[in-house]
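Engineer: Next up, entry-v4.cif (mmCIF, N, CA and C atoms).
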```
data_structure
#
loop_
_atom_site.label_atom_id
_atom_site.label_comp_id
_atom_site.auth_asym_id
_atom_site.auth_seq_id
_atom_site.Cartn_x
_atom_site.Cartn_y
_atom_site.Cartn_z
N MET P 30 74.52 117.07 92.98
CA MET P 30 73.54 117.61 93.91
C MET P 30 74.27 118.37 95.02
N GLU P 31 73.86 119.58 95.24
CA GLU P 31 74.50 120.41 96.26
C GLU P 31 73.84 120.18 97.62
N LEU P 32 74.64 119.72 98.56
CA LEU P 32 74.11 119.41 99.88
C LEU P 32 74.17 120.60 100.83
N PHE P 33 75.19 121.43 100.66
CA PHE P 33 75.36 122.56 101.57
C PHE P 33 76.10 123.67 100.86
N LYS P 34 75.97 124.86 101.42
CA LYS P 34 76.60 126.06 100.85
C LYS P 34 78.06 126.15 101.31
N LYS P 35 78.84 126.89 100.54
CA LYS P 35 80.22 127.17 100.93
C LYS P 35 80.21 128.00 102.20
N LEU P 36 81.06 127.62 103.13
CA LEU P 36 81.14 128.35 104.40
C LEU P 36 81.95 129.63 104.24
N PRO P 37 81.53 130.70 104.90
CA PRO P 37 82.39 131.89 104.97
C PRO P 37 83.70 131.51 105.67
N ASP P 38 84.76 132.26 105.41
CA ASP P 38 86.09 131.91 105.91
C ASP P 38 86.13 131.68 107.43
N ALA P 39 85.53 132.56 108.20
CA ALA P 39 85.59 132.42 109.66
C ALA P 39 84.86 131.15 110.12
N GLU P 40 83.73 130.86 109.52
CA GLU P 40 83.00 129.64 109.89
C GLU P 40 83.79 128.40 109.46
N PHE P 41 84.46 128.48 108.31
CA PHE P 41 85.29 127.35 107.88
C PHE P 41 86.42 127.11 108.89
N GLU P 42 87.02 128.19 109.39
CA GLU P 42 88.08 128.03 110.38
C GLU P 42 87.57 127.33 111.64
N VAL P 43 86.37 127.69 112.07
CA VAL P 43 85.78 127.05 113.24
C VAL P 43 85.49 125.58 112.93
N MET P 44 84.92 125.33 111.76
CA MET P 44 84.60 123.95 111.37
C MET P 44 85.88 123.13 111.26
N ASN P 45 86.92 123.73 110.75
CA ASN P 45 88.21 123.04 110.65
C ASN P 45 88.72 122.66 112.04
N ALA P 46 88.55 123.54 112.99
CA ALA P 46 88.95 123.24 114.37
C ALA P 46 88.10 122.12 114.95
N VAL P 47 86.82 122.09 114.61
CA VAL P 47 85.95 120.99 115.05
C VAL P 47 86.46 119.68 114.47
N TRP P 48 86.77 119.67 113.17
CA TRP P 48 87.28 118.45 112.52
C TRP P 48 88.61 118.01 113.11
N ASN P 49 89.45 118.97 113.50
CA ASN P 49 90.80 118.65 113.98
C ASN P 49 90.85 118.15 115.42
N ASN P 50 89.73 118.16 116.10
CA ASN P 50 89.69 117.71 117.49
C ASN P 50 88.73 116.53 117.62
N PRO P 51 89.05 115.61 118.52
CA PRO P 51 88.14 114.47 118.69
C PRO P 51 86.78 114.92 119.23
N ALA P 52 85.72 114.33 118.69
CA ALA P 52 84.36 114.66 119.12
C ALA P 52 84.06 113.94 120.44
N PRO P 53 83.29 114.56 121.29
CA PRO P 53 82.72 115.89 121.15
C PRO P 53 83.74 116.96 121.51
N VAL P 54 83.58 118.11 120.92
CA VAL P 54 84.47 119.24 121.19
C VAL P 54 83.67 120.30 121.95
N THR P 55 84.34 121.00 122.83
CA THR P 55 83.68 122.01 123.66
C THR P 55 84.19 123.40 123.31
N THR P 56 83.48 124.39 123.77
CA THR P 56 83.89 125.78 123.53
C THR P 56 85.29 126.07 124.06
N PRO P 57 85.65 125.65 125.29
CA PRO P 57 87.01 125.92 125.76
C PRO P 57 88.09 125.30 124.86
N VAL P 58 87.83 124.10 124.36
CA VAL P 58 88.80 123.46 123.45
C VAL P 58 88.94 124.29 122.18
N LEU P 59 87.82 124.74 121.64
CA LEU P 59 87.86 125.54 120.42
C LEU P 59 88.48 126.91 120.66
N MET P 60 88.25 127.47 121.83
CA MET P 60 88.89 128.76 122.15
C MET P 60 90.41 128.60 122.14
N ARG P 61 90.90 127.51 122.72
CA ARG P 61 92.36 127.27 122.71
C ARG P 61 92.87 127.00 121.30
N ALA P 62 92.08 126.30 120.52
CA ALA P 62 92.51 125.91 119.17
C ALA P 62 92.49 127.07 118.19
N ILE P 63 91.51 127.96 118.33
CA ILE P 63 91.36 129.00 117.31
C ILE P 63 90.99 130.36 117.88
N GLY P 64 90.08 130.40 118.84
CA GLY P 64 89.54 131.67 119.34
C GLY P 64 90.59 132.61 119.87
N ASN P 65 91.48 132.10 120.69
CA ASN P 65 92.52 132.95 121.27
C ASN P 65 93.47 133.48 120.21
N LYS P 66 93.78 132.66 119.21
CA LYS P 66 94.69 133.08 118.14
C LYS P 66 94.07 134.18 117.28
N LYS P 67 92.74 134.15 117.16
CA LYS P 67 92.04 135.14 116.35
C LYS P 67 91.64 136.37 117.15
N GLY P 68 91.82 136.31 118.46
CA GLY P 68 91.41 137.42 119.30
C GLY P 68 89.91 137.46 119.54
N TRP P 69 89.25 136.31 119.36
CA TRP P 69 87.81 136.24 119.56
C TRP P 69 87.50 136.02 121.03
N ARG P 70 86.38 136.55 121.47
CA ARG P 70 85.84 136.25 122.79
C ARG P 70 84.90 135.06 122.61
N ALA P 71 84.59 134.39 123.70
CA ALA P 71 83.72 133.21 123.65
C ALA P 71 82.39 133.48 122.94
N PRO P 72 81.71 134.62 123.18
CA PRO P 72 80.43 134.85 122.48
C PRO P 72 80.57 134.88 120.95
N THR P 73 81.70 135.37 120.46
CA THR P 73 81.93 135.38 119.01
C THR P 73 82.02 133.96 118.50
N LEU P 74 82.82 133.13 119.17
CA LEU P 74 82.96 131.74 118.78
C LEU P 74 81.61 131.02 118.86
N ILE P 75 80.88 131.26 119.91
CA ILE P 75 79.58 130.62 120.09
C ILE P 75 78.62 131.02 118.97
N SER P 76 78.69 132.27 118.53
CA SER P 76 77.80 132.68 117.44
C SER P 76 78.15 131.94 116.15
N PHE P 77 79.44 131.69 115.89
CA PHE P 77 79.83 130.89 114.73
C PHE P 77 79.33 129.45 114.87
N LEU P 78 79.43 128.91 116.08
CA LEU P 78 78.96 127.54 116.31
C LEU P 78 77.45 127.43 116.10
N VAL P 79 76.71 128.44 116.53
CA VAL P 79 75.26 128.44 116.31
C VAL P 79 74.96 128.47 114.81
N ARG P 80 75.68 129.29 114.07
CA ARG P 80 75.49 129.34 112.61
C ARG P 80 75.79 128.00 111.97
N LEU P 81 76.89 127.37 112.40
CA LEU P 81 77.26 126.06 111.85
C LEU P 81 76.18 125.02 112.15
N GLU P 82 75.60 125.12 113.34
CA GLU P 82 74.53 124.19 113.69
C GLU P 82 73.29 124.48 112.84
N ASP P 83 72.96 125.75 112.66
CA ASP P 83 71.81 126.13 111.82
C ASP P 83 71.99 125.66 110.38
N ARG P 84 73.22 125.66 109.89
CA ARG P 84 73.50 125.22 108.52
C ARG P 84 73.57 123.70 108.39
N GLY P 85 73.55 122.99 109.52
CA GLY P 85 73.57 121.53 109.47
C GLY P 85 74.95 120.91 109.43
N PHE P 86 75.98 121.68 109.79
CA PHE P 86 77.34 121.15 109.79
C PHE P 86 77.69 120.46 111.09
N ILE P 87 77.10 120.91 112.19
CA ILE P 87 77.37 120.32 113.49
C ILE P 87 76.05 120.15 114.24
N ARG P 88 76.11 119.34 115.29
CA ARG P 88 74.99 119.26 116.24
C ARG P 88 75.58 119.46 117.61
N SER P 89 74.75 119.86 118.54
CA SER P 89 75.24 120.08 119.89
C SER P 89 74.28 119.49 120.90
N GLU P 90 74.84 119.23 122.07
CA GLU P 90 74.00 118.81 123.19
C GLU P 90 74.59 119.40 124.46
N LYS P 91 73.70 119.71 125.36
CA LYS P 91 74.10 120.29 126.64
C LYS P 91 74.38 119.15 127.61
N VAL P 92 75.58 119.18 128.19
CA VAL P 92 75.98 118.19 129.19
C VAL P 92 76.43 118.98 130.42
N GLY P 93 75.60 118.98 131.44
CA GLY P 93 75.88 119.82 132.61
C GLY P 93 75.81 121.28 132.19
N LYS P 94 76.85 122.03 132.51
CA LYS P 94 76.89 123.44 132.13
C LYS P 94 77.57 123.65 130.78
N GLU P 95 78.09 122.59 130.23
CA GLU P 95 78.89 122.66 129.00
C GLU P 95 78.07 122.21 127.79
N ARG P 96 78.31 122.84 126.65
CA ARG P 96 77.71 122.39 125.40
C ARG P 96 78.79 121.65 124.63
N GLN P 97 78.42 120.48 124.11
CA GLN P 97 79.35 119.66 123.33
C GLN P 97 78.90 119.66 121.88
N TYR P 98 79.89 119.72 120.97
CA TYR P 98 79.62 119.83 119.54
C TYR P 98 80.17 118.61 118.80
N TYR P 99 79.36 118.12 117.87
CA TYR P 99 79.71 116.96 117.06
C TYR P 99 79.60 117.33 115.59
N PRO P 100 80.59 116.97 114.78
CA PRO P 100 80.46 117.25 113.34
C PRO P 100 79.40 116.34 112.72
N ILE P 101 78.60 116.89 111.84
CA ILE P 101 77.64 116.10 111.06
C ILE P 101 78.21 115.90 109.65
N VAL P 102 78.77 116.97 109.10
CA VAL P 102 79.38 116.92 107.77
C VAL P 102 80.85 116.62 107.95
N SER P 103 81.34 115.62 107.24
CA SER P 103 82.77 115.29 107.32
C SER P 103 83.58 116.27 106.48
N ARG P 104 84.85 116.39 106.83
CA ARG P 104 85.75 117.25 106.06
C ARG P 104 85.78 116.78 104.60
N LYS P 105 85.88 115.47 104.42
CA LYS P 105 85.97 114.91 103.06
C LYS P 105 84.73 115.27 102.24
N ALA P 106 83.54 115.08 102.81
CA ALA P 106 82.30 115.38 102.07
C ALA P 106 82.25 116.86 101.69
N TYR P 107 82.65 117.72 102.61
CA TYR P 107 82.63 119.16 102.34
C TYR P 107 83.64 119.50 101.24
N MET P 108 84.85 118.98 101.36
CA MET P 108 85.90 119.31 100.40
C MET P 108 85.57 118.76 99.01
N VAL P 109 84.99 117.57 98.94
CA VAL P 109 84.60 117.00 97.64
C VAL P 109 83.59 117.91 96.97
N GLN P 110 82.55 118.30 97.71
CA GLN P 110 81.52 119.17 97.11
C GLN P 110 82.10 120.52 96.71
N LEU P 111 82.91 121.10 97.57
CA LEU P 111 83.51 122.41 97.29
C LEU P 111 84.41 122.33 96.05
N THR P 112 85.19 121.28 95.96
CA THR P 112 86.10 121.11 94.82
C THR P 112 85.33 120.91 93.53
N ARG P 113 84.29 120.10 93.58
CA ARG P 113 83.46 119.88 92.37
C ARG P 113 82.81 121.19 91.93
N ARG P 114 82.31 121.96 92.89
CA ARG P 114 81.68 123.25 92.56
C ARG P 114 82.71 124.19 91.92
N PHE P 115 83.92 124.24 92.49
CA PHE P 115 84.98 125.09 91.95
C PHE P 115 85.32 124.67 90.52
N LEU P 116 85.49 123.37 90.31
CA LEU P 116 85.84 122.85 88.99
C LEU P 116 84.76 123.19 87.96
N LYS P 117 83.51 123.03 88.36
CA LYS P 117 82.39 123.34 87.45
C LYS P 117 82.29 124.83 87.18
N GLN P 118 82.37 125.65 88.24
CA GLN P 118 82.17 127.09 88.10
C GLN P 118 83.30 127.76 87.34
N TYR P 119 84.54 127.39 87.62
CA TYR P 119 85.68 128.10 87.05
C TYR P 119 86.37 127.40 85.89
N HIS P 120 86.07 126.11 85.70
CA HIS P 120 86.74 125.36 84.63
C HIS P 120 85.77 124.56 83.79
N GLY P 121 84.48 124.90 83.87
CA GLY P 121 83.48 124.20 83.07
C GLY P 121 83.46 122.70 83.33
N GLY P 122 83.92 122.29 84.50
CA GLY P 122 83.95 120.88 84.84
C GLY P 122 85.15 120.14 84.28
N SER P 123 86.05 120.85 83.65
CA SER P 123 87.21 120.22 82.99
C SER P 123 88.42 120.12 83.92
N LEU P 124 88.79 118.91 84.22
CA LEU P 124 89.99 118.69 85.03
C LEU P 124 91.24 119.16 84.28
N MET P 125 91.24 118.97 82.96
CA MET P 125 92.40 119.40 82.16
C MET P 125 92.56 120.92 82.20
N SER P 126 91.46 121.64 82.15
CA SER P 126 91.54 123.10 82.25
C SER P 126 92.13 123.50 83.59
N PHE P 127 91.66 122.85 84.64
CA PHE P 127 92.18 123.13 85.98
C PHE P 127 93.68 122.86 86.06
N LEU P 128 94.09 121.68 85.61
CA LEU P 128 95.51 121.32 85.68
C LEU P 128 96.37 122.22 84.81
N ASP P 129 95.85 122.60 83.64
CA ASP P 129 96.58 123.50 82.75
C ASP P 129 96.82 124.85 83.43
N ASN P 130 95.79 125.36 84.10
CA ASN P 130 95.94 126.62 84.83
C ASN P 130 96.87 126.48 86.02
N LEU P 131 96.77 125.37 86.68
CA LEU P 131 97.62 125.13 87.84
C LEU P 131 99.09 125.04 87.42
N ALA P 132 99.34 124.39 86.33
CA ALA P 132 100.72 124.22 85.86
C ALA P 132 101.25 125.45 85.15
N GLY P 133 100.37 126.37 84.81
CA GLY P 133 100.77 127.56 84.06
C GLY P 133 101.80 128.41 84.76
N ASP P 134 101.45 129.63 85.07
CA ASP P 134 102.39 130.60 85.63
C ASP P 134 102.94 130.19 87.00
N SER P 135 102.09 129.61 87.83
CA SER P 135 102.56 129.28 89.18
C SER P 135 103.50 128.09 89.16
N GLY P 136 103.33 127.24 88.19
CA GLY P 136 104.20 126.09 88.04
C GLY P 136 103.98 125.03 89.10
N ILE P 137 104.06 123.80 88.66
CA ILE P 137 103.99 122.66 89.57
C ILE P 137 105.42 122.20 89.79
N THR P 138 105.74 121.94 91.04
CA THR P 138 107.10 121.49 91.35
C THR P 138 107.28 120.06 90.85
N THR P 139 108.51 119.65 90.71
CA THR P 139 108.83 118.28 90.29
C THR P 139 108.24 117.29 91.28
N GLU P 140 108.32 117.62 92.56
CA GLU P 140 107.77 116.73 93.59
C GLU P 140 106.26 116.58 93.44
N GLN P 141 105.57 117.69 93.17
CA GLN P 141 104.12 117.63 92.98
C GLN P 141 103.75 116.84 91.73
N TYR P 142 104.52 117.03 90.68
CA TYR P 142 104.30 116.29 89.44
C TYR P 142 104.46 114.80 89.68
N ASP P 143 105.54 114.42 90.37
CA ASP P 143 105.79 113.01 90.67
C ASP P 143 104.69 112.44 91.56
N GLU P 144 104.24 113.24 92.52
CA GLU P 144 103.16 112.80 93.41
C GLU P 144 101.87 112.58 92.62
N LEU P 145 101.58 113.47 91.67
CA LEU P 145 100.39 113.33 90.83
C LEU P 145 100.49 112.07 89.97
N LEU P 146 101.65 111.82 89.38
CA LEU P 146 101.83 110.62 88.56
C LEU P 146 101.64 109.35 89.39
N GLU P 147 102.20 109.33 90.58
CA GLU P 147 102.05 108.17 91.46
C GLU P 147 100.58 107.96 91.83
N TRP P 148 99.90 109.04 92.09
CA TRP P 148 98.48 108.94 92.43
C TRP P 148 97.69 108.38 91.25
N LEU P 149 97.96 108.90 90.03
CA LEU P 149 97.26 108.42 88.83
C LEU P 149 97.52 106.93 88.59
N LYS P 150 98.75 106.50 88.83
CA LYS P 150 99.09 105.09 88.64
C LYS P 150 98.34 104.20 89.64
N SER P 151 98.06 104.74 90.81
CA SER P 151 97.40 103.93 91.84
C SER P 151 95.88 103.88 91.68
N CYS P 152 95.33 104.77 90.86
CA CYS P 152 93.88 104.82 90.67
C CYS P 152 93.41 103.68 89.79
N GLU P 153 92.24 103.17 90.11
CA GLU P 153 91.62 102.15 89.26
C GLU P 153 90.45 102.80 88.54
N PHE P 154 90.58 102.94 87.25
CA PHE P 154 89.54 103.58 86.45
C PHE P 154 88.69 102.56 85.75
#
```
Please, can you express the file's structure as structure tokens?
Structural biologist:
Amino acid sequence: MELFKKLPDAEFEVMNAVWNNPAPVTTPVLMRAIGNKKGWRAPTLISFLVRLEDRGFIRSEKVGKERQYYPIVSRKAYMVQLTRRFLKQYHGGSLMSFLDNLAGDSGITTEQYDELLEWLKSCEF
């Protein structure tokens, strides 16, 4: 079941900054975390925050003159849904197809292979 749509890149960057900071997060905190690096002015950042709120990813409340933002969707929930959608759309839902493509031309490093094996050993199926 699809709970939410994939975020456009700029909105994902803002959401990532929200996740990376303790809640509640404010516009000045987000400007320091991402806005200044991107060359955004506060109104640009605020428009992304409004979109994220409209999409149900965050909620906000006005405290004095400041608006505070709280994540509603967790990073994990978003990434799980996005990953499942990617696997279904591009690999027919096949984990083996995904891993085969990943290991193909780009190659998996020995460290990544060992990490994957350790993870598989720790899973309870």
Engineer: Need the shell around Ser89 of chain P: protein/DNA/RNA residues with any atom at most 12 Å away, counting only C-alpha atoms. Skip same-chain ones fewer than 2 positions apart. Format as a count of residues only?
Structural biologist: 25
Engineer: Take atom C of Gln118 of chain P and atom C of Phe33 of chain P and report the distance between them in Å, one decimal.
Structural biologist: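 Those two atoms sit 15.9 Å apart.
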Engineer: Write out as a list in words which residues come within 8 Å of Gly64 of chain P when counting only N, CA and C atoms, dropping same-chain ones fewer than 5 positions away.
Structural biologist: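 These residues fall inside the cut-off: Val43, Val58, Leu59, Trp69, Arg70, Ala71, Thr73 and Leu74 of chain P.
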Engineer: Just to confirm, what's the straight-line distance from atom CA of Leu128 of chain P to atom C of Phe115 of chain P in Å (one decimal)?
Structural biologist: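 Taking atom CA of Leu128 of chain P and atom C of Phe115 of chain P, their separation equals 11.8 Å.
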Engineer: Would you please extract all strand (DSSP E or B) residues from chain P, as assigned by DSSP on the backbone, and give them as a list in words?
Structural biologist: Val54, Thr55, Ile87, Arg88, Ser89, Glu90, Lys91, Val92, Glu95, Arg96, Gln97, Tyr98, Tyr99 and Pro100 of chain P
Engineer: Between atom C of Gly121 of chain P and atom N of Ala39 of chain P, what distance in Å does the model show, to one decimal?
Structural biologist: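 Calculated distance between atom C of Gly121 of chain P and atom N of Ala39 of chain P is 26.8 Å.
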